[in-house]
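Next comes protein.cif, a file with mmCIF, C-alpha atoms.
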```cif
data_start
loop_
_atom_site.group_PDB
_atom_site.id
_atom_site.type_symbol
_atom_site.label_atom_id
_atom_site.label_comp_id
_atom_site.auth_asym_id
_atom_site.auth_seq_id
_atom_site.Cartn_x
_atom_site.Cartn_y
_atom_site.Cartn_z
ATOM 1 C CA MET A 162 -39.500 -86.291 76.704
ATOM 2 C CA PRO A 163 -43.018 -84.777 76.783
ATOM 3 C CA ALA A 164 -44.002 -82.915 73.648
ATOM 4 C CA SER A 165 -44.525 -79.163 73.875
ATOM 5 C CA THR A 166 -47.505 -77.617 72.103
ATOM 6 C CA PRO A 167 -46.558 -74.394 70.306
ATOM 7 C CA ASP A 168 -48.986 -71.712 69.206
ATOM 8 C CA TRP A 169 -49.426 -72.797 65.594
ATOM 9 C CA THR A 170 -50.791 -70.482 62.882
ATOM 10 C CA ALA A 171 -52.163 -71.861 59.613
ATOM 11 C CA LEU A 172 -51.729 -70.276 56.198
ATOM 12 C CA PRO A 173 -55.192 -69.787 54.628
ATOM 13 C CA ILE A 174 -55.055 -72.536 51.981
ATOM 14 C CA GLN A 175 -58.307 -73.387 50.204
ATOM 15 C CA PRO A 176 -58.713 -76.131 49.310
ATOM 16 C CA PRO A 177 -56.247 -77.720 51.725
ATOM 17 C CA ALA A 178 -53.434 -79.751 50.205
ATOM 18 C CA GLN A 179 -53.906 -83.470 49.790
ATOM 19 C CA LEU A 180 -50.214 -84.068 50.467
ATOM 20 C CA GLY A 181 -48.173 -80.937 51.144
ATOM 21 C CA GLU A 182 -44.387 -81.302 50.871
ATOM 22 C CA SER A 183 -41.069 -79.638 49.974
ATOM 23 C CA PRO A 184 -41.435 -76.202 51.614
ATOM 24 C CA PHE A 185 -38.715 -73.592 51.235
ATOM 25 C CA TRP A 186 -38.473 -69.914 52.119
ATOM 26 C CA HIS A 187 -37.490 -67.648 49.210
ATOM 27 C CA PRO A 188 -35.357 -64.892 50.782
ATOM 28 C CA LEU A 189 -35.600 -62.455 47.863
ATOM 29 C CA GLU A 190 -39.344 -62.747 47.376
ATOM 30 C CA GLU A 191 -40.159 -63.246 51.083
ATOM 31 C CA ARG A 192 -42.519 -66.067 50.163
ATOM 32 C CA LEU A 193 -42.963 -69.655 51.198
ATOM 33 C CA TYR A 194 -43.087 -72.174 48.343
ATOM 34 C CA TRP A 195 -44.285 -75.779 48.597
ATOM 35 C CA VAL A 196 -45.986 -78.539 46.614
ATOM 36 C CA ASP A 197 -49.180 -80.575 46.849
ATOM 37 C CA ILE A 198 -48.030 -83.926 45.492
ATOM 38 C CA ASP A 199 -51.375 -85.703 45.188
ATOM 39 C CA GLY A 200 -53.149 -82.456 44.299
ATOM 40 C CA ARG A 201 -50.641 -81.935 41.452
ATOM 41 C CA ALA A 202 -49.902 -78.295 42.194
ATOM 42 C CA LEU A 203 -47.208 -75.846 43.264
ATOM 43 C CA LEU A 204 -48.157 -73.264 45.878
ATOM 44 C CA ARG A 205 -46.667 -70.077 47.251
ATOM 45 C CA ALA A 206 -47.733 -67.569 49.889
ATOM 46 C CA ARG A 207 -46.648 -64.461 51.730
ATOM 47 C CA LEU A 208 -47.093 -64.061 55.469
ATOM 48 C CA ASP A 209 -49.357 -61.014 55.176
ATOM 49 C CA GLY A 210 -52.597 -63.005 55.222
ATOM 50 C CA SER A 211 -53.155 -62.846 51.466
ATOM 51 C CA ALA A 212 -54.457 -65.964 49.727
ATOM 52 C CA PRO A 213 -51.816 -68.457 48.548
ATOM 53 C CA GLU A 214 -51.318 -68.897 44.815
ATOM 54 C CA ARG A 215 -51.765 -72.321 43.223
ATOM 55 C CA TRP A 216 -50.222 -73.496 39.933
ATOM 56 C CA PRO A 217 -51.516 -76.827 38.556
ATOM 57 C CA MET A 218 -48.921 -79.320 37.325
ATOM 58 C CA PRO A 219 -49.285 -82.059 34.662
ATOM 59 C CA THR A 220 -48.123 -84.813 37.059
ATOM 60 C CA GLU A 221 -47.242 -85.119 40.735
ATOM 61 C CA PRO A 222 -44.564 -82.616 41.823
ATOM 62 C CA GLY A 223 -42.298 -84.292 44.356
ATOM 63 C CA CYS A 224 -40.046 -81.355 45.209
ATOM 64 C CA ILE A 225 -39.072 -77.839 44.142
ATOM 65 C CA ALA A 226 -36.123 -75.484 44.576
ATOM 66 C CA PRO A 227 -35.261 -71.928 43.522
ATOM 67 C CA ALA A 228 -33.160 -71.669 40.361
ATOM 68 C CA ARG A 229 -30.282 -69.432 39.289
ATOM 69 C CA GLN A 230 -28.825 -69.054 35.821
ATOM 70 C CA HIS A 231 -25.641 -67.119 35.024
ATOM 71 C CA GLY A 232 -25.749 -65.503 38.457
ATOM 72 C CA LYS A 233 -29.336 -64.291 38.196
ATOM 73 C CA THR A 234 -32.549 -65.630 39.697
ATOM 74 C CA ALA A 235 -34.347 -67.882 37.219
ATOM 75 C CA GLY A 236 -37.610 -69.107 38.712
ATOM 76 C CA LEU A 237 -37.896 -72.676 39.955
ATOM 77 C CA VAL A 238 -36.870 -76.220 39.228
ATOM 78 C CA VAL A 239 -39.520 -78.853 39.898
ATOM 79 C CA SER A 240 -39.238 -82.621 39.968
ATOM 80 C CA LEU A 241 -42.371 -84.098 38.427
ATOM 81 C CA ARG A 242 -43.290 -87.766 38.256
ATOM 82 C CA GLY A 243 -40.565 -88.848 35.845
ATOM 83 C CA HIS A 244 -38.552 -85.768 34.943
ATOM 84 C CA VAL A 245 -37.125 -82.494 36.243
ATOM 85 C CA CYS A 246 -38.284 -79.216 34.698
ATOM 86 C CA HIS A 247 -37.304 -75.554 34.789
ATOM 87 C CA ALA A 248 -40.055 -72.987 35.362
ATOM 88 C CA PRO A 249 -38.551 -69.557 34.543
ATOM 89 C CA GLU A 250 -41.751 -67.733 35.491
ATOM 90 C CA TRP A 251 -44.609 -68.581 37.832
ATOM 91 C CA GLY A 252 -47.503 -69.909 35.780
ATOM 92 C CA GLY A 253 -45.429 -70.060 32.590
ATOM 93 C CA GLU A 254 -44.146 -72.918 30.473
ATOM 94 C CA LEU A 255 -42.077 -75.808 31.808
ATOM 95 C CA THR A 256 -38.814 -76.756 30.086
ATOM 96 C CA GLU A 257 -37.361 -80.213 30.644
ATOM 97 C CA VAL A 258 -33.982 -80.288 32.379
ATOM 98 C CA ALA A 259 -33.545 -84.052 32.751
ATOM 99 C CA GLN A 260 -35.375 -87.362 32.635
ATOM 100 C CA LEU A 261 -35.227 -89.558 35.706
ATOM 101 C CA PRO A 262 -34.126 -93.091 34.667
ATOM 102 C CA ILE A 263 -37.227 -94.737 36.127
ATOM 103 C CA ASP A 264 -40.405 -96.480 35.014
ATOM 104 C CA ALA A 265 -42.835 -93.671 35.789
ATOM 105 C CA GLN A 266 -45.791 -96.066 35.760
ATOM 106 C CA HIS A 267 -44.560 -97.578 39.021
ATOM 107 C CA GLU A 268 -42.190 -94.989 40.460
ATOM 108 C CA ARG A 269 -42.126 -91.220 40.877
ATOM 109 C CA GLY A 270 -39.915 -88.429 42.122
ATOM 110 C CA ASN A 271 -40.437 -87.684 45.803
ATOM 111 C CA ASP A 272 -38.338 -85.808 48.342
ATOM 112 C CA GLY A 273 -35.426 -83.700 47.110
ATOM 113 C CA LYS A 274 -33.186 -80.697 47.733
ATOM 114 C CA CYS A 275 -30.279 -78.823 46.234
ATOM 115 C CA ASP A 276 -26.813 -79.113 47.694
ATOM 116 C CA ALA A 277 -24.466 -76.172 48.286
ATOM 117 C CA LEU A 278 -22.826 -76.783 44.884
ATOM 118 C CA GLY A 279 -26.086 -76.106 43.045
ATOM 119 C CA ARG A 280 -27.080 -79.665 42.108
ATOM 120 C CA LEU A 281 -30.604 -81.005 42.616
ATOM 121 C CA TRP A 282 -30.914 -84.344 44.410
ATOM 122 C CA VAL A 283 -34.171 -86.248 43.916
ATOM 123 C CA GLY A 284 -35.199 -89.425 45.696
ATOM 124 C CA THR A 285 -37.951 -91.634 44.335
ATOM 125 C CA ARG A 286 -40.889 -93.582 45.718
ATOM 126 C CA TYR A 287 -41.571 -97.025 44.294
ATOM 127 C CA ALA A 288 -45.326 -97.675 44.508
ATOM 128 C CA PRO A 289 -46.761 -99.931 41.777
ATOM 129 C CA ALA A 290 -50.523 -99.960 41.312
ATOM 130 C CA LYS A 291 -50.502 -103.730 41.844
ATOM 131 C CA GLY A 292 -48.163 -106.118 43.573
ATOM 132 C CA PRO A 293 -45.804 -105.673 46.524
ATOM 133 C CA ARG A 294 -43.976 -102.449 47.281
ATOM 134 C CA GLU A 295 -40.356 -103.448 46.899
ATOM 135 C CA PRO A 296 -37.300 -101.261 47.633
ATOM 136 C CA LEU A 297 -36.597 -100.460 43.986
ATOM 137 C CA GLY A 298 -36.337 -96.678 44.270
ATOM 138 C CA ALA A 299 -33.156 -94.609 44.273
ATOM 139 C CA LEU A 300 -31.575 -91.240 45.038
ATOM 140 C CA TYR A 301 -30.343 -89.281 42.016
ATOM 141 C CA CYS A 302 -28.070 -86.263 41.656
ATOM 142 C CA ILE A 303 -28.958 -83.975 38.732
ATOM 143 C CA ASP A 304 -26.132 -81.634 37.716
ATOM 144 C CA ALA A 305 -27.276 -78.958 35.246
ATOM 145 C CA ARG A 306 -24.537 -76.412 35.963
ATOM 146 C CA GLY A 307 -22.572 -76.572 32.742
ATOM 147 C CA PRO A 308 -23.428 -76.341 29.061
ATOM 148 C CA GLY A 309 -25.142 -79.268 27.386
ATOM 149 C CA PRO A 310 -27.507 -81.865 28.849
ATOM 150 C CA ALA A 311 -27.802 -82.279 32.598
ATOM 151 C CA ARG A 312 -25.864 -85.158 34.114
ATOM 152 C CA VAL A 313 -27.971 -87.639 36.113
ATOM 153 C CA ARG A 314 -26.237 -90.060 38.483
ATOM 154 C CA ARG A 315 -27.670 -92.677 40.810
ATOM 155 C CA MET A 316 -26.181 -92.125 44.265
ATOM 156 C CA LEU A 317 -28.153 -94.601 46.419
ATOM 157 C CA SER A 318 -30.398 -97.535 45.537
ATOM 158 C CA GLY A 319 -32.629 -100.070 47.289
ATOM 159 C CA ILE A 320 -35.100 -97.422 48.487
ATOM 160 C CA SER A 321 -38.857 -97.674 49.009
ATOM 161 C CA THR A 322 -39.780 -94.056 49.848
ATOM 162 C CA ALA A 323 -36.993 -91.470 49.787
ATOM 163 C CA ASN A 324 -37.283 -88.761 52.435
ATOM 164 C CA GLY A 325 -35.398 -86.685 54.978
ATOM 165 C CA LEU A 326 -32.596 -85.462 52.679
ATOM 166 C CA ALA A 327 -30.382 -82.777 54.239
ATOM 167 C CA TRP A 328 -26.732 -81.776 54.662
ATOM 168 C CA SER A 329 -24.922 -80.484 57.723
ATOM 169 C CA PRO A 330 -23.947 -76.787 57.589
ATOM 170 C CA ASP A 331 -20.360 -77.665 56.624
ATOM 171 C CA GLY A 332 -21.466 -80.215 54.019
ATOM 172 C CA ARG A 333 -19.524 -83.037 55.654
ATOM 173 C CA ARG A 334 -22.588 -85.125 56.546
ATOM 174 C CA MET A 335 -25.626 -86.157 54.523
ATOM 175 C CA TYR A 336 -28.850 -87.256 56.194
ATOM 176 C CA PHE A 337 -31.477 -89.445 54.562
ATOM 177 C CA SER A 338 -34.373 -91.705 55.493
ATOM 178 C CA ASP A 339 -36.189 -94.476 53.680
ATOM 179 C CA THR A 340 -39.483 -93.929 55.478
ATOM 180 C CA PRO A 341 -40.717 -97.563 55.820
ATOM 181 C CA THR A 342 -37.469 -98.552 57.558
ATOM 182 C CA HIS A 343 -38.255 -96.132 60.425
ATOM 183 C CA GLU A 344 -34.588 -95.066 60.446
ATOM 184 C CA ILE A 345 -32.769 -91.801 59.817
ATOM 185 C CA ARG A 346 -29.295 -92.502 58.487
ATOM 186 C CA VAL A 347 -26.233 -90.318 58.112
ATOM 187 C CA TRP A 348 -23.252 -90.586 55.763
ATOM 188 C CA ASP A 349 -19.885 -88.891 55.776
ATOM 189 C CA CYS A 350 -19.385 -86.838 52.601
ATOM 190 C CA ASN A 351 -16.425 -86.101 50.365
ATOM 191 C CA ASP A 352 -15.473 -82.649 49.066
ATOM 192 C CA GLN A 353 -18.238 -82.941 46.449
ATOM 193 C CA LEU A 354 -20.867 -83.351 49.206
ATOM 194 C CA GLU A 355 -21.431 -86.941 48.086
ATOM 195 C CA PRO A 356 -21.917 -89.848 50.513
ATOM 196 C CA VAL A 357 -18.976 -92.188 51.034
ATOM 197 C CA GLY A 358 -18.721 -95.441 52.943
ATOM 198 C CA GLU A 359 -21.467 -97.067 54.953
ATOM 199 C CA PRO A 360 -24.153 -95.043 56.722
ATOM 200 C CA ARG A 361 -24.739 -94.874 60.457
ATOM 201 C CA VAL A 362 -28.170 -94.911 62.059
ATOM 202 C CA LEU A 363 -28.810 -91.452 63.495
ATOM 203 C CA HIS A 364 -32.125 -92.416 65.083
ATOM 204 C CA ARG A 365 -34.419 -95.434 64.958
ATOM 205 C CA PHE A 366 -38.173 -95.221 65.611
ATOM 206 C CA GLU A 367 -40.489 -97.964 66.823
ATOM 207 C CA ARG A 368 -42.473 -99.672 64.095
ATOM 208 C CA GLU A 369 -46.248 -99.845 64.237
ATOM 209 C CA GLN A 370 -47.528 -102.737 66.347
ATOM 210 C CA ALA A 371 -51.064 -103.888 67.041
ATOM 211 C CA GLY A 372 -52.327 -102.765 70.413
ATOM 212 C CA LYS A 373 -49.553 -100.223 70.973
ATOM 213 C CA SER A 374 -49.523 -96.475 70.399
ATOM 214 C CA TYR A 375 -47.632 -95.476 67.267
ATOM 215 C CA GLY A 376 -45.227 -92.548 67.203
ATOM 216 C CA GLY A 377 -44.984 -92.172 63.438
ATOM 217 C CA ARG A 378 -42.265 -92.650 60.824
ATOM 218 C CA PRO A 379 -39.626 -90.201 59.542
ATOM 219 C CA ASP A 380 -40.667 -88.012 56.624
ATOM 220 C CA GLY A 381 -39.191 -84.722 55.376
ATOM 221 C CA ALA A 382 -36.488 -82.821 57.230
ATOM 222 C CA SER A 383 -34.470 -79.619 57.518
ATOM 223 C CA ILE A 384 -31.208 -78.511 59.144
ATOM 224 C CA ASP A 385 -30.885 -75.437 61.367
ATOM 225 C CA ALA A 386 -27.901 -73.095 61.690
ATOM 226 C CA GLN A 387 -26.638 -75.056 64.708
ATOM 227 C CA GLY A 388 -26.550 -78.294 62.711
ATOM 228 C CA ASN A 389 -29.605 -79.864 64.332
ATOM 229 C CA TYR A 390 -31.936 -82.040 62.264
ATOM 230 C CA TRP A 391 -35.670 -81.203 62.260
ATOM 231 C CA CYS A 392 -37.848 -84.121 61.189
ATOM 232 C CA ALA A 393 -41.591 -84.563 60.649
ATOM 233 C CA LEU A 394 -43.052 -87.834 61.915
ATOM 234 C CA TYR A 395 -45.750 -88.882 59.469
ATOM 235 C CA ALA A 396 -48.745 -90.459 61.248
ATOM 236 C CA GLY A 397 -47.148 -89.369 64.520
ATOM 237 C CA ALA A 398 -48.461 -85.787 64.923
ATOM 238 C CA ARG A 399 -44.976 -84.587 65.903
ATOM 239 C CA VAL A 400 -41.928 -82.692 64.716
ATOM 240 C CA LEU A 401 -38.597 -83.531 66.349
ATOM 241 C CA ARG A 402 -35.343 -81.612 66.641
ATOM 242 C CA LEU A 403 -32.415 -84.041 66.806
ATOM 243 C CA SER A 404 -28.805 -83.267 67.642
ATOM 244 C CA PRO A 405 -26.051 -84.303 65.189
ATOM 245 C CA GLN A 406 -25.573 -87.316 67.497
ATOM 246 C CA GLY A 407 -29.242 -88.340 67.207
ATOM 247 C CA GLN A 408 -30.468 -87.176 70.616
ATOM 248 C CA ILE A 409 -33.989 -85.748 70.795
ATOM 249 C CA LEU A 410 -33.546 -82.110 71.817
ATOM 250 C CA GLU A 411 -37.128 -81.001 71.327
ATOM 251 C CA GLU A 412 -40.480 -82.546 70.482
ATOM 252 C CA LEU A 413 -43.276 -80.363 69.127
ATOM 253 C CA ALA A 414 -46.859 -81.589 69.017
ATOM 254 C CA VAL A 415 -48.647 -80.755 65.757
ATOM 255 C CA PRO A 416 -52.476 -80.491 65.541
ATOM 256 C CA VAL A 417 -52.620 -82.896 62.582
ATOM 257 C CA GLN A 418 -51.823 -86.593 62.328
ATOM 258 C CA HIS A 419 -49.680 -86.348 59.193
ATOM 259 C CA PRO A 420 -47.007 -83.622 59.271
ATOM 260 C CA THR A 421 -44.793 -84.116 56.239
ATOM 261 C CA MET A 422 -41.836 -81.717 56.209
ATOM 262 C CA PRO A 423 -40.448 -78.851 58.321
ATOM 263 C CA CYS A 424 -38.611 -75.818 57.002
ATOM 264 C CA LEU A 425 -37.092 -72.827 58.796
ATOM 265 C CA GLY A 426 -37.546 -69.434 57.187
ATOM 266 C CA GLY A 427 -39.243 -66.085 57.452
ATOM 267 C CA PRO A 428 -37.469 -62.710 57.480
ATOM 268 C CA ASP A 429 -35.077 -63.740 60.285
ATOM 269 C CA GLY A 430 -35.080 -67.493 59.651
ATOM 270 C CA ARG A 431 -36.846 -68.298 62.920
ATOM 271 C CA GLN A 432 -40.277 -69.272 61.627
ATOM 272 C CA LEU A 433 -40.796 -73.024 61.583
ATOM 273 C CA PHE A 434 -43.093 -74.027 58.714
ATOM 274 C CA VAL A 435 -44.584 -77.526 58.547
ATOM 275 C CA THR A 436 -46.432 -78.921 55.541
ATOM 276 C CA THR A 437 -49.127 -81.503 56.210
ATOM 277 C CA GLY A 438 -51.263 -84.112 54.490
ATOM 278 C CA ARG A 439 -54.787 -85.418 54.816
ATOM 279 C CA GLY A 440 -55.054 -89.145 55.428
ATOM 280 C CA GLY A 441 -58.357 -91.032 55.288
ATOM 281 C CA ASP A 442 -61.099 -89.188 57.173
ATOM 282 C CA GLU A 443 -58.653 -86.874 58.928
ATOM 283 C CA ALA A 444 -60.058 -83.755 57.229
ATOM 284 C CA ALA A 445 -63.212 -83.981 59.341
ATOM 285 C CA ALA A 446 -61.464 -84.909 62.589
ATOM 286 C CA ARG A 447 -58.556 -82.459 62.222
ATOM 287 C CA PRO A 448 -59.569 -79.345 60.272
ATOM 288 C CA LEU A 449 -55.971 -78.105 59.917
ATOM 289 C CA ALA A 450 -54.917 -81.219 57.980
ATOM 290 C CA GLY A 451 -53.555 -80.185 54.591
ATOM 291 C CA GLN A 452 -52.619 -76.683 55.752
ATOM 292 C CA VAL A 453 -49.147 -75.231 56.256
ATOM 293 C CA LEU A 454 -48.592 -74.541 59.948
ATOM 294 C CA HIS A 455 -46.002 -72.150 61.321
ATOM 295 C CA THR A 456 -44.711 -71.038 64.698
ATOM 296 C CA ARG A 457 -41.810 -69.078 66.158
ATOM 297 C CA VAL A 458 -38.698 -70.983 67.288
ATOM 298 C CA PRO A 459 -35.491 -69.716 68.956
ATOM 299 C CA VAL A 460 -33.022 -71.053 66.385
ATOM 300 C CA ALA A 461 -32.612 -69.886 62.780
ATOM 301 C CA GLY A 462 -32.498 -72.067 59.711
ATOM 302 C CA LEU A 463 -29.983 -72.150 56.886
ATOM 303 C CA PRO A 464 -30.621 -70.203 53.669
ATOM 304 C CA VAL A 465 -32.162 -72.312 50.930
ATOM 305 C CA ALA A 466 -29.705 -73.837 48.444
ATOM 306 C CA TRP A 467 -30.258 -72.821 44.807
ATOM 307 C CA CYS A 468 -30.249 -75.016 41.724
ATOM 308 C CA GLU A 469 -27.619 -73.687 39.314
ATOM 309 C CA LEU A 470 -28.508 -73.951 35.629
ATOM 310 C CA GLY A 471 -25.912 -73.621 32.859
#
```
Translate the structure of the given file into structure tokens.
Amino acid sequence: MPASTPDWTALPIQPPAQLGESPFWHPLEERLYWVDIDGRALLRARLDGSAPERWPMPTEPGCIAPARQHGKTAGLVVSLRGHVCHAPEWGGELTEVAQLPIDAQHERGNDGKCDALGRLWVGTRYAPAKGPREPLGALYCIDARGPGPARVRRMLSGISTANGLAWSPDGRRMYFSDTPTHEIRVWDCNDQLEPVGEPRVLHRFEREQAGKSYGGRPDGASIDAQGNYWCALYAGARVLRLSPQGQILEELAVPVQHPTMPCLGGPDGRQLFVTTGRGGDEAAARPLAGQVLHTRVPVAGLPVAWCELG
């Protein structure tokens, strides 16, 4: 299937993100939120052309989600390198919600989302400064809904770089990718939206080979209202829309080499936002690298899931 080339618009981010990730559309504020992992910052922007706001973080923020407490909006939750924090106000103090049971010298929080029950799921990336990168990461579910300390459970293990987390609109399927495997996998879920049994391969991508063109590897993802899975292909300059059966329904060319995560939002849910990163000397060759790109699409996304705090 040949890739289409939409009319992309870039949000005016200066400086561009080193590694943009985890975008979500806040329906009450009508803002887009996202993180710059390597730049150690949270960002947010309106679509009126005003400059995005940047909030520095003490360590790398892997993912963020809007928070609710006792039925009222309550700022954000953010997964930092080794723990999850609550940020009641933009630019204010961070309060620890939970520690991730990891060695933060070699592993950090990466991709994550909230489920429809209000729990935050955080996958990790195992990347030691020295030695081989082994699949020692995991996917954790952080439940902070009730009184007392948050409950942290390991749901999947044997992961190198957690990405692509999403649930079908009815919550009966969970999607996930361990990026170096070049596979997107899908699990059936129980009534608690938790994976059960063995996963199936939704889609498998070709690995990088010398002398052959490389199509990229699966990174962040989002689900639309029709249940289709939108996936960024890191190093592949593409965003794909896959059916629930894994068929490629649409392929969008992106004017950067490293798209990282798509998200559907905007006032009517039909703006496709894509965060991006800057790899190597890409900033000079592709000036939009590190920006958030957006374009109009015909299908709407699902409302963002909130993190419920007790």
(message) Excluding Ala393 of chain A and its own-chain neighbours fewer than 2 positions away, which residues fall within 6 Å of it when counting all atoms listed in the file? Please give them as JSON, numbers by chain.
(response) {"A": [380, 381, 400, 420, 421, 422]}
(request) Any chance you could resolve the PyMOL selection byres ((chain A and resi 313) around 12) against this file and give the residues as a VMD selection string? (result) chain A and resid 244 to 245 258 to 263 280 to 283 299 to 306 310 to 312 314 to 316
(message) Assuming the chain letters and numbering stay as they are in my file, what does the PyMOL selection byres ((chain A and resi 347) around 10) actually select? List them as a PyMOL selection string.
(response) chain A and resi 326-329+334-338+344-346+348-350+356+359-364+405-407
(message) Can you tell me which residues surround His267 of chain A at a distance of at most 7 Å, considering only C-alpha atoms, apart from same-chain residues fewer than 4 positions away, and format the answer as a ChimeraX atom specification?
(response) /A:287-290
(message) Taking only C-alpha atoms into account, name the residue in A:Leu354, A:Ala371, A:Ile409, A:Ala277 that is nearest to Leu463 of chain A.
(response) A:Ala277
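Going from atom CA of Asp385 of chain A to atom CA of Cys468 of chain A covers 19.7 Å.
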(request) Excluding Cys246 of chain A and any residue of its chain fewer than 4 positions from it, enumerate the residues within 10 Å of it, using only C-alpha atoms, and give them as a ChimeraX atom specification. (result) /A:225,237-241,254-260
(request) For the structure provided, state which residues fall under the PyMOL selection byres ((chain A and resi 178) around 7), and present them as a list in words. (result) Pro176, Pro177, Gln179, Leu180, Gly181, Asp197, Gly200, Gly438, Gly451 and Gln452 of chain A
(request) Up to 6 Å from (-47.0, -71.1, 46.2) in the file's coordinates: name the residues, counting only C-alpha atoms, as a ChimeraX atom specification. (result) /A:194-195,203-206,213-215
